$ cat upload_33.json   # JSON, C-alpha atoms and all ligand atoms
[["chain", "number", "residue", "atom", "x", "y", "z"],
["A", 1, "MET", "CA", 117.15, 168.83, -37.91],
["A", 2, "THR", "CA", 115.14, 166.70, -40.32],
["A", 3, "VAL", "CA", 117.04, 165.23, -43.24],
["A", 4, "THR", "CA", 116.15, 166.53, -46.68],
["A", 5, "LEU", "CA", 115.93, 163.56, -49.03],
["A", 6, "SER", "CA", 117.42, 163.78, -52.50],
["A", 7, "GLU", "CA", 115.34, 163.51, -55.65],
["A", 8, "LYS", "CA", 117.29, 160.29, -56.32],
["A", 9, "GLU", "CA", 116.11, 158.74, -53.03],
["A", 10, "ILE", "CA", 112.51, 159.80, -53.59],
["A", 11, "GLY", "CA", 112.63, 158.55, -57.20],
["A", 12, "ALA", "CA", 114.03, 155.17, -56.04],
["A", 13, "PHE", "CA", 111.19, 154.86, -53.54],
["A", 14, "GLU", "CA", 108.65, 155.61, -56.27],
["A", 15, "THR", "CA", 110.19, 153.17, -58.77],
["A", 16, "ASP", "CA", 111.21, 150.32, -56.48],
["A", 17, "GLY", "CA", 108.58, 150.61, -53.73],
["A", 18, "VAL", "CA", 111.29, 150.20, -51.08],
["A", 19, "ILE", "CA", 114.47, 151.98, -50.00],
["A", 20, "VAL", "CA", 116.79, 151.93, -47.01],
["A", 21, "LEU", "CA", 117.50, 155.15, -45.15],
["A", 22, "ARG", "CA", 120.68, 154.88, -43.09],
["A", 23, "GLY", "CA", 121.00, 156.44, -39.65],
["A", 24, "ILE", "CA", 117.64, 158.20, -39.58],
["A", 25, "VAL", "CA", 116.62, 157.10, -36.06],
["A", 26, "THR", "CA", 118.88, 158.77, -33.50],
["A", 27, "PRO", "CA", 120.56, 156.80, -30.68],
["A", 28, "ARG", "CA", 118.41, 158.65, -28.17],
["A", 29, "TRP", "CA", 115.18, 157.59, -29.87],
["A", 30, "LEU", "CA", 116.51, 154.03, -30.26],
["A", 31, "ASP", "CA", 117.13, 153.74, -26.51],
["A", 32, "ARG", "CA", 113.65, 154.99, -25.77],
["A", 33, "ILE", "CA", 112.05, 152.66, -28.32],
["A", 34, "ALA", "CA", 114.07, 149.65, -27.10],
["A", 35, "SER", "CA", 112.81, 150.19, -23.52],
["A", 36, "ALA", "CA", 109.27, 150.79, -24.74],
["A", 37, "ILE", "CA", 109.34, 147.52, -26.72],
["A", 38, "ASP", "CA", 110.47, 145.59, -23.66],
["A", 39, "ARG", "CA", 107.71, 147.24, -21.63],
["A", 40, "ASP", "CA", 105.13, 146.19, -24.21],
["A", 41, "ILE", "CA", 106.38, 142.59, -24.12],
["A", 42, "ALA", "CA", 106.12, 142.56, -20.31],
["A", 43, "GLU", "CA", 102.74, 144.36, -20.20],
["A", 44, "PRO", "CA", 101.20, 144.28, -23.66],
["A", 45, "GLY", "CA", 98.61, 146.75, -24.87],
["A", 46, "PRO", "CA", 95.15, 145.48, -25.94],
["A", 47, "PHE", "CA", 95.95, 144.49, -29.53],
["A", 48, "ILE", "CA", 98.60, 141.88, -28.74],
["A", 49, "HIS", "CA", 98.82, 139.19, -31.39],
["A", 50, "GLY", "CA", 101.76, 137.00, -30.47],
["A", 51, "TYR", "CA", 102.30, 133.97, -32.68],
["A", 52, "ASP", "CA", 102.94, 130.44, -31.47],
["A", 53, "THR", "CA", 106.45, 129.42, -32.42],
["A", 54, "GLU", "CA", 106.78, 126.55, -34.79],
["A", 55, "ASP", "CA", 108.36, 124.03, -32.47],
["A", 56, "GLY", "CA", 108.00, 125.74, -29.12],
["A", 57, "ARG", "CA", 111.36, 127.50, -29.53],
["A", 58, "GLY", "CA", 111.84, 131.26, -29.19],
["A", 59, "LYS", "CA", 109.01, 133.78, -29.07],
["A", 60, "PHE", "CA", 107.26, 135.94, -31.67],
["A", 61, "HIS", "CA", 105.55, 138.93, -30.05],
["A", 62, "GLY", "CA", 103.26, 141.11, -32.14],
["A", 63, "ASN", "CA", 101.16, 144.10, -31.18],
["A", 64, "LEU", "CA", 99.61, 147.08, -32.90],
["A", 65, "ARG", "CA", 98.23, 150.54, -32.19],
["A", 66, "ILE", "CA", 100.67, 150.70, -29.31],
["A", 67, "TRP", "CA", 101.23, 154.46, -29.67],
["A", 68, "GLU", "CA", 97.73, 154.96, -28.25],
["A", 69, "ASN", "CA", 98.70, 153.54, -24.86],
["A", 70, "ASP", "CA", 102.41, 154.21, -24.47],
["A", 71, "PRO", "CA", 103.89, 157.72, -24.16],
["A", 72, "GLU", "CA", 107.23, 156.80, -25.76],
["A", 73, "PHE", "CA", 105.71, 155.27, -28.90],
["A", 74, "ASN", "CA", 103.23, 158.14, -28.97],
["A", 75, "ASP", "CA", 105.97, 160.77, -28.90],
["A", 76, "PHE", "CA", 107.99, 158.91, -31.52],
["A", 77, "CYS", "CA", 105.12, 158.43, -34.00],
["A", 78, "LEU", "CA", 103.96, 162.04, -33.66],
["A", 79, "ASN", "CA", 107.14, 164.04, -33.10],
["A", 80, "SER", "CA", 110.17, 162.22, -34.53],
["A", 81, "ASP", "CA", 111.59, 163.00, -37.99],
["A", 82, "LEU", "CA", 109.52, 160.25, -39.62],
["A", 83, "PRO", "CA", 106.46, 162.38, -40.53],
["A", 84, "ALA", "CA", 108.65, 164.92, -42.37],
["A", 85, "LEU", "CA", 110.42, 162.12, -44.24],
["A", 86, "ALA", "CA", 107.06, 160.52, -45.09],
["A", 87, "ALA", "CA", 105.81, 163.84, -46.50],
["A", 88, "GLN", "CA", 108.85, 164.05, -48.79],
["A", 89, "LEU", "CA", 108.64, 160.44, -49.97],
["A", 90, "MET", "CA", 104.90, 160.60, -50.66],
["A", 91, "ARG", "CA", 105.13, 164.18, -52.05],
["A", 92, "SER", "CA", 102.24, 164.92, -49.74],
["A", 93, "ASP", "CA", 101.22, 168.20, -48.13],
["A", 94, "ARG", "CA", 99.65, 166.42, -45.19],
["A", 95, "VAL", "CA", 100.62, 163.25, -43.32],
["A", 96, "ASN", "CA", 98.46, 161.27, -40.89],
["A", 97, "LEU", "CA", 99.61, 158.48, -38.62],
["A", 98, "LEU", "CA", 97.88, 155.25, -39.66],
["A", 99, "TYR", "CA", 99.20, 153.10, -36.78],
["A", 100, "ASP", "CA", 102.32, 151.40, -35.42],
["A", 101, "GLN", "CA", 103.14, 147.72, -34.95],
["A", 102, "LEU", "CA", 105.67, 145.37, -33.35],
["A", 103, "PHE", "CA", 107.14, 142.18, -34.81],
["A", 104, "VAL", "CA", 109.60, 140.89, -32.22],
["A", 105, "LYS", "CA", 111.42, 137.65, -33.04],
["A", 106, "GLU", "CA", 113.42, 136.67, -30.01],
["A", 107, "SER", "CA", 116.62, 134.70, -30.54],
["A", 108, "ASP", "CA", 116.09, 131.23, -31.93],
["A", 109, "THR", "CA", 112.56, 131.89, -33.23],
["A", 110, "PRO", "CA", 112.11, 129.88, -36.43],
["A", 111, "ASN", "CA", 108.86, 131.53, -37.63],
["A", 112, "PRO", "CA", 109.16, 133.19, -41.01],
["A", 113, "THR", "CA", 106.93, 136.15, -41.84],
["A", 114, "ARG", "CA", 104.94, 134.94, -44.84],
["A", 115, "TRP", "CA", 105.04, 136.91, -48.10],
["A", 116, "HIS", "CA", 102.25, 139.50, -48.26],
["A", 117, "ASN", "CA", 101.48, 143.09, -49.07],
["A", 118, "ASP", "CA", 100.01, 145.37, -46.44],
["A", 119, "GLN", "CA", 97.26, 147.45, -47.96],
["A", 120, "PRO", "CA", 94.74, 144.58, -48.22],
["A", 121, "TYR", "CA", 94.98, 144.38, -44.38],
["A", 122, "TRP", "CA", 94.08, 148.07, -44.05],
["A", 123, "PRO", "CA", 90.66, 149.73, -44.56],
["A", 124, "ILE", "CA", 92.00, 152.46, -46.83],
["A", 125, "ARG", "CA", 92.32, 153.19, -50.55],
["A", 126, "GLY", "CA", 94.68, 155.57, -52.35],
["A", 127, "ARG", "CA", 98.38, 155.42, -53.20],
["A", 128, "GLN", "CA", 100.05, 157.66, -50.63],
["A", 129, "VAL", "CA", 100.79, 155.22, -47.82],
["A", 130, "LEU", "CA", 104.06, 153.80, -46.55],
["A", 131, "SER", "CA", 105.79, 152.13, -43.61],
["A", 132, "PHE", "CA", 109.09, 152.73, -41.84],
["A", 133, "TRP", "CA", 110.53, 149.56, -40.26],
["A", 134, "PHE", "CA", 113.57, 149.51, -37.97],
["A", 135, "SER", "CA", 115.04, 147.71, -35.01],
["A", 136, "PRO", "CA", 117.19, 148.69, -32.05],
["A", 137, "ASP", "CA", 119.09, 145.44, -32.78],
["A", 138, "PRO", "CA", 121.41, 144.72, -35.71],
["A", 139, "VAL", "CA", 119.32, 143.04, -38.42],
["A", 140, "THR", "CA", 120.99, 140.42, -40.60],
["A", 141, "ALA", "CA", 119.87, 137.72, -43.01],
["A", 142, "GLU", "CA", 120.28, 135.27, -40.11],
["A", 143, "THR", "CA", 118.10, 137.21, -37.65],
["A", 144, "GLY", "CA", 115.25, 137.85, -40.10],
["A", 145, "ALA", "CA", 116.04, 140.82, -42.33],
["A", 146, "LEU", "CA", 113.01, 141.78, -44.41],
["A", 147, "GLU", "CA", 112.95, 140.80, -48.08],
["A", 148, "PHE", "CA", 111.05, 142.81, -50.68],
["A", 149, "ILE", "CA", 110.03, 142.25, -54.30],
["A", 150, "ARG", "CA", 111.31, 145.33, -56.03],
["A", 151, "GLY", "CA", 108.63, 147.14, -58.03],
["A", 152, "SER", "CA", 105.77, 144.90, -56.83],
["A", 153, "HIS", "CA", 103.81, 147.95, -55.61],
["A", 154, "ARG", "CA", 103.29, 148.71, -59.32],
["A", 155, "TRP", "CA", 101.72, 145.30, -60.02],
["A", 156, "ASP", "CA", 98.60, 146.79, -58.44],
["A", 157, "LYS", "CA", 97.75, 143.39, -57.00],
["A", 158, "TRP", "CA", 95.91, 143.02, -53.71],
["A", 159, "PHE", "CA", 96.71, 139.71, -52.07],
["A", 160, "GLN", "CA", 94.27, 138.02, -49.68],
["A", 161, "PRO", "CA", 95.35, 138.61, -46.04],
["A", 162, "GLU", "CA", 96.13, 135.49, -44.04],
["A", 163, "ARG", "CA", 97.27, 135.04, -40.46],
["A", 164, "PHE", "CA", 101.04, 134.93, -39.93],
["A", 165, "GLY", "CA", 100.69, 131.83, -37.77],
["A", 166, "ASP", "CA", 98.69, 130.41, -34.91],
["A", 167, "THR", "CA", 98.04, 133.35, -32.68],
["A", 168, "THR", "CA", 96.54, 134.50, -29.42],
["A", 169, "ALA", "CA", 94.53, 137.11, -31.36],
["A", 170, "HIS", "CA", 91.22, 136.56, -33.13],
["A", 171, "ASP", "CA", 92.53, 137.74, -36.45],
["A", 172, "HIS", "CA", 90.32, 136.01, -38.95],
["A", 173, "TYR", "CA", 90.29, 137.69, -42.36],
["A", 174, "GLU", "CA", 87.11, 137.95, -44.34],
["A", 175, "ARG", "CA", 87.53, 136.77, -47.95],
["A", 176, "ASN", "CA", 87.40, 139.50, -50.54],
["A", 177, "PRO", "CA", 86.57, 138.21, -54.04],
["A", 178, "ASP", "CA", 88.68, 140.99, -55.58],
["A", 179, "TYR", "CA", 91.81, 139.85, -53.76],
["A", 180, "GLU", "CA", 94.15, 137.20, -55.19],
["A", 181, "PRO", "CA", 95.97, 134.43, -53.36],
["A", 182, "ILE", "CA", 99.67, 135.22, -52.93],
["A", 183, "PRO", "CA", 101.77, 133.07, -55.30],
["A", 184, "ASP", "CA", 104.31, 130.60, -53.90],
["A", 185, "ILE", "CA", 107.21, 133.03, -54.15],
["A", 186, "ASP", "CA", 109.72, 130.80, -52.36],
["A", 187, "ALA", "CA", 109.12, 128.04, -54.91],
["A", 188, "ALA", "CA", 110.23, 130.35, -57.74],
["A", 189, "ARG", "CA", 112.50, 132.93, -56.14],
["A", 190, "ASP", "CA", 114.52, 133.44, -59.33],
["A", 191, "ASP", "CA", 111.39, 134.68, -61.10],
["A", 192, "TYR", "CA", 111.20, 137.68, -58.77],
["A", 193, "ASP", "CA", 113.46, 140.66, -58.19],
["A", 194, "ILE", "CA", 113.98, 140.02, -54.46],
["A", 195, "VAL", "CA", 116.02, 142.59, -52.54],
["A", 196, "SER", "CA", 117.11, 142.71, -48.93],
["A", 197, "TRP", "CA", 119.49, 144.76, -46.81],
["A", 198, "GLU", "CA", 121.07, 144.29, -43.42],
["A", 199, "LEU", "CA", 120.35, 147.12, -41.02],
["A", 200, "ALA", "CA", 122.42, 148.68, -38.27],
["A", 201, "PRO", "CA", 120.47, 150.23, -35.39],
["A", 202, "GLY", "CA", 119.23, 153.60, -36.69],
["A", 203, "ASP", "CA", 118.74, 152.42, -40.29],
["A", 204, "ALA", "CA", 115.21, 151.87, -41.60],
["A", 205, "TYR", "CA", 113.44, 150.25, -44.51],
["A", 206, "VAL", "CA", 110.76, 152.44, -46.05],
["A", 207, "PHE", "CA", 108.24, 150.62, -48.23],
["A", 208, "HIS", "CA", 105.00, 151.22, -50.05],
["A", 209, "ALA", "CA", 101.84, 149.52, -48.75],
["A", 210, "LEU", "CA", 101.51, 147.39, -51.90],
["A", 211, "THR", "CA", 105.15, 146.22, -51.96],
["A", 212, "VAL", "CA", 105.28, 142.46, -51.42],
["A", 213, "HIS", "CA", 107.56, 141.54, -48.51],
["A", 214, "GLY", "CA", 108.35, 138.81, -46.00],
["A", 215, "ALA", "CA", 111.15, 137.67, -43.69],
["A", 216, "GLY", "CA", 112.92, 134.56, -42.48],
["A", 217, "GLY", "CA", 112.97, 133.42, -38.87],
["A", 218, "ASN", "CA", 115.59, 134.48, -36.35],
["A", 219, "ARG", "CA", 118.15, 131.69, -36.47],
["A", 220, "ARG", "CA", 120.62, 133.29, -34.07],
["A", 221, "ALA", "CA", 120.75, 131.95, -30.52],
["A", 222, "ASP", "CA", 122.27, 135.16, -29.13],
["A", 223, "GLN", "CA", 120.52, 138.00, -30.99],
["A", 224, "ARG", "CA", 117.01, 139.45, -30.71],
["A", 225, "ARG", "CA", 115.24, 141.05, -33.68],
["A", 226, "ARG", "CA", 112.83, 143.63, -32.28],
["A", 227, "GLY", "CA", 111.08, 144.97, -35.41],
["A", 228, "TYR", "CA", 109.05, 148.15, -35.01],
["A", 229, "THR", "CA", 107.07, 149.68, -37.85],
["A", 230, "VAL", "CA", 105.19, 152.97, -38.19],
["A", 231, "ARG", "CA", 102.71, 153.54, -41.04],
["A", 232, "TYR", "CA", 101.75, 156.94, -42.44],
["A", 233, "THR", "CA", 99.24, 158.13, -45.03],
["A", 234, "GLY", "CA", 99.15, 161.12, -47.38],
["A", 235, "ASP", "CA", 96.67, 163.41, -49.13],
["A", 236, "ASP", "CA", 94.91, 160.90, -51.40],
["A", 237, "ILE", "CA", 94.02, 158.27, -48.77],
["A", 238, "ARG", "CA", 90.35, 157.61, -48.02],
["A", 239, "TYR", "CA", 88.62, 155.20, -45.65],
["A", 240, "ASP", "CA", 87.44, 152.07, -47.46],
["A", 241, "THR", "CA", 84.69, 149.76, -46.19],
["A", 242, "ARG", "CA", 85.54, 146.81, -48.50],
["A", 243, "PRO", "CA", 85.65, 143.34, -46.89],
["A", 244, "GLY", "CA", 89.01, 141.88, -45.84],
["A", 245, "PRO", "CA", 90.94, 144.27, -43.58],
["A", 246, "ASN", "CA", 92.05, 143.59, -40.02],
["A", 247, "ALA", "CA", 89.10, 144.20, -37.67],
["A", 248, "ASN", "CA", 91.37, 146.00, -35.18],
["A", 249, "LEU", "CA", 92.13, 148.65, -37.78],
["A", 250, "GLN", "CA", 88.54, 149.38, -38.76],
["A", 251, "SER", "CA", 86.63, 152.25, -37.21],
["A", 252, "GLU", "CA", 82.93, 153.07, -37.07],
["A", 253, "THR", "CA", 83.73, 156.76, -36.94],
["A", 254, "TYR", "CA", 84.28, 156.71, -40.70],
["A", 255, "ALA", "CA", 81.98, 156.27, -43.69],
["A", 256, "ASP", "CA", 83.29, 154.93, -46.99],
["A", 257, "GLY", "CA", 85.30, 157.63, -48.77],
["A", 258, "ASP", "CA", 86.02, 159.78, -45.71],
["A", 259, "ALA", "CA", 89.42, 161.41, -45.33],
["A", 260, "LEU", "CA", 91.29, 160.14, -42.25],
["A", 261, "ASN", "CA", 90.43, 162.93, -39.85],
["A", 262, "ALA", "CA", 89.55, 161.13, -36.59],
["A", 263, "PRO", "CA", 91.78, 161.24, -33.46],
["A", 264, "LEU", "CA", 92.75, 157.63, -34.28],
["A", 265, "HIS", "CA", 94.75, 159.03, -37.22],
["A", 266, "PRO", "CA", 96.28, 162.30, -36.02],
["A", 267, "VAL", "CA", 97.80, 164.81, -38.42],
["A", 268, "VAL", "CA", 101.56, 164.62, -37.90],
["A", 269, "TRP", "CA", 102.72, 166.79, -40.81],
["A", 270, "PRO", "CA", 102.82, 169.76, -40.90],
["A", 271, "ALA", "CA", 103.99, 169.37, -37.28],
["A", 272, "GLN", "CA", 101.16, 170.13, -34.86],
["A", 273, "ARG", "CA", 101.83, 172.01, -31.65],
["A", 274, "SER", "CA", 99.00, 170.00, -30.03],
["A", 275, "ASN", "CA", 100.97, 166.75, -30.56],
["A", 276, "ARG", "CA", 103.79, 167.92, -28.30],
["A", 277, "ARG", "CA", 103.80, 166.32, -24.89],
["B", 1, "LIG", "O1", 108.92, 142.21, -39.11],
["B", 1, "LIG", "C1", 108.42, 141.34, -39.81],
["B", 1, "LIG", "O2", 108.77, 140.16, -39.76],
["B", 1, "LIG", "C2", 107.33, 141.70, -40.78],
["B", 1, "LIG", "C3", 107.10, 143.17, -40.93],
["B", 1, "LIG", "C4", 105.96, 143.49, -41.83],
["B", 1, "LIG", "O3", 105.42, 142.66, -42.49],
["B", 1, "LIG", "C5", 105.50, 144.87, -41.90],
["B", 1, "LIG", "O4", 106.02, 145.73, -41.17],
["B", 1, "LIG", "O5", 104.57, 145.14, -42.71]]

$ encode --input "upload_33.json" --output "structure tokens"
Amino acid sequence: MTVTLSEKEIGAFETDGVIVLRGIVTPRWLDRIASAIDRDIAEPGPFIHGYDTEDGRGKFHGNLRIWENDPEFNDFCLNSDLPALAAQLMRSDRVNLLYDQLFVKESDTPNPTRWHNDQPYWPIRGRQVLSFWFSPDPVTAETGALEFIRGSHRWDKWFQPERFGDTTAHDHYERNPDYEPIPDIDAARDDYDIVSWELAPGDAYVFHALTVHGAGGNRRADQRRRGYTVRYTGDDIRYDTRPGPNANLQSETYADGDALNAPLHPVVWPAQRSNRR
């Protein structure tokens, strides 16, 4: 049965732009997701965007929109408890799947994930949009736990997307004059309210699309960090044709200002009988 979140948890998400929910992905789902991740690494879907590692060590596999091609990710994104949790956190009557994404740092992969916020990468406007991020592996500071700047979603700043590293994908980001360059956060860490948590398998970070976040590399020689994230939108989200977003997330089926109502963004809450496999 889906967890009912407390007003305190929802309020913390609204104020801080990030919370941790413990034990929300069941062991059964975790097993299925772990196998699906390994399948995607072996036979990646079309949006693979692996990054070259900094000194040839380790491996950083990235991919997105994988739910469209893999039945396990599909079932999870559409039919797990996440849509009901997203509806509560966004106080939204309706939830659509935006897309899902992998960030797998194999053991001994030095690449950090640069500081950024997500919404500038996405062709949408509105406030009701969030991500769940979890891993079937234990996540520690040493393996690349995510770090967040608490409250940064309320800065209302849109930072210019940049690539996360040299990549096999053609992800060039058009400059948007309304976006700002991300400041050098690591050079002045004490000036920011940086928070991070270690995760056990089953725990998840939930964060707003404007919350600034990043991660260190995976410094452990014996521990993978298979990060999987699922993004959902709520009632107030509209398609936005501004320059800047990731080309693989744009769609010609929409005009500027449209609600997300194409099959690319299925309604997942209220639960739809047609989503059941
Ligand atoms: O897993 C990572 O290193 C980065 C994740 C991230 O940036 C995201 O899910 O938006």

$ closest_residue --input "upload_33.json" --among "A:Val268, A:Leu130, A:Ile41, A:Ile237" --to "ligand LIG 1 (chain B)" --atoms "all atoms listed in the file"
A:Leu130

$ atom_distance --input "upload_33.json" --atom1 "atom CA of Arg91 of chain A" --atom2 "atom CA of Asp235 of chain A"
9.0 Å

$ residues_near_ligand --input "upload_33.json" --ligand "ligand LIG 1 (chain B)" --cutoff "9 Å" --atoms "all atoms listed in the file" --output "PyMOL selection string"
chain A and resi 100-105+111-118+131-134+144-146+207+209+212-217+225-231

$ atom_distance --input "upload_33.json" --atom1 "atom CA of Asp137 of chain A" --atom2 "atom CA of Ala200 of chain A"
7.2 Å

$ atom_distance --input "upload_33.json" --atom1 "atom CA of Gln128 of chain A" --atom2 "atom CA of Tyr179 of chain A"
19.9 Å

$ closest_residue --input "upload_33.json" --among "A:Thr143, A:Thr15, A:Gln119, A:Ser274" --to "Asn246 of chain A" --atoms "only C-alpha atoms"
A:Gln119

$ residues_around --input "upload_33.json" --residues "Leu5 of chain A" --least-positions-apart "2" --cutoff "9 Å" --atoms "all atoms listed in the file" --output "MDAnalysis selection string"
chainID A and resid 3 7:10 85 88:89

$ closest_residue --input "upload_33.json" --among "A:Trp158, A:Tyr205, A:Phe60, A:Phe76" --to "Ile33 of chain A" --atoms "all atoms listed in the file"
A:Phe76

$ decode --input "upload_33.json" --residues "segment 150-163 of chain A" --atoms "N, CA and C atoms" --output "compact mmCIF listing (two decimals), in the first residue's frame"
# COMPACT_ATOMS: atom_id res chain seq x y z
N ARG A 150 20.45 23.34 -0.04
CA ARG A 150 19.11 23.44 0.54
C ARG A 150 18.48 24.79 0.20
N GLY A 151 17.24 24.75 -0.25
CA GLY A 151 16.50 25.99 -0.53
C GLY A 151 16.82 26.64 -1.87
N SER A 152 17.74 26.06 -2.64
CA SER A 152 18.16 26.73 -3.89
C SER A 152 17.05 26.74 -4.95
N HIS A 153 16.04 25.88 -4.80
CA HIS A 153 14.91 25.91 -5.75
C HIS A 153 14.15 27.23 -5.63
N ARG A 154 14.31 27.91 -4.46
CA ARG A 154 13.60 29.19 -4.26
C ARG A 154 14.43 30.38 -4.72
N TRP A 155 15.67 30.15 -5.16
CA TRP A 155 16.45 31.25 -5.75
C TRP A 155 15.80 31.70 -7.06
N ASP A 156 15.07 30.77 -7.68
CA ASP A 156 14.49 30.99 -9.00
C ASP A 156 15.56 31.34 -10.03
N LYS A 157 16.67 30.65 -9.96
CA LYS A 157 17.76 30.87 -10.92
C LYS A 157 17.84 29.68 -11.86
N TRP A 158 18.00 29.98 -13.13
CA TRP A 158 18.10 28.96 -14.17
C TRP A 158 19.53 28.98 -14.67
N PHE A 159 20.27 27.92 -14.39
CA PHE A 159 21.69 27.89 -14.75
C PHE A 159 21.88 27.21 -16.11
N GLN A 160 22.80 27.79 -16.89
CA GLN A 160 23.05 27.31 -18.26
C GLN A 160 23.48 25.83 -18.24
N PRO A 161 22.74 24.95 -18.94
CA PRO A 161 23.18 23.55 -19.03
C PRO A 161 24.54 23.42 -19.70
N GLU A 162 25.32 22.51 -19.19
CA GLU A 162 26.61 22.16 -19.78
C GLU A 162 26.69 20.64 -19.78
N ARG A 163 27.55 20.09 -20.64
CA ARG A 163 27.76 18.65 -20.62
C ARG A 163 28.44 18.23 -19.31
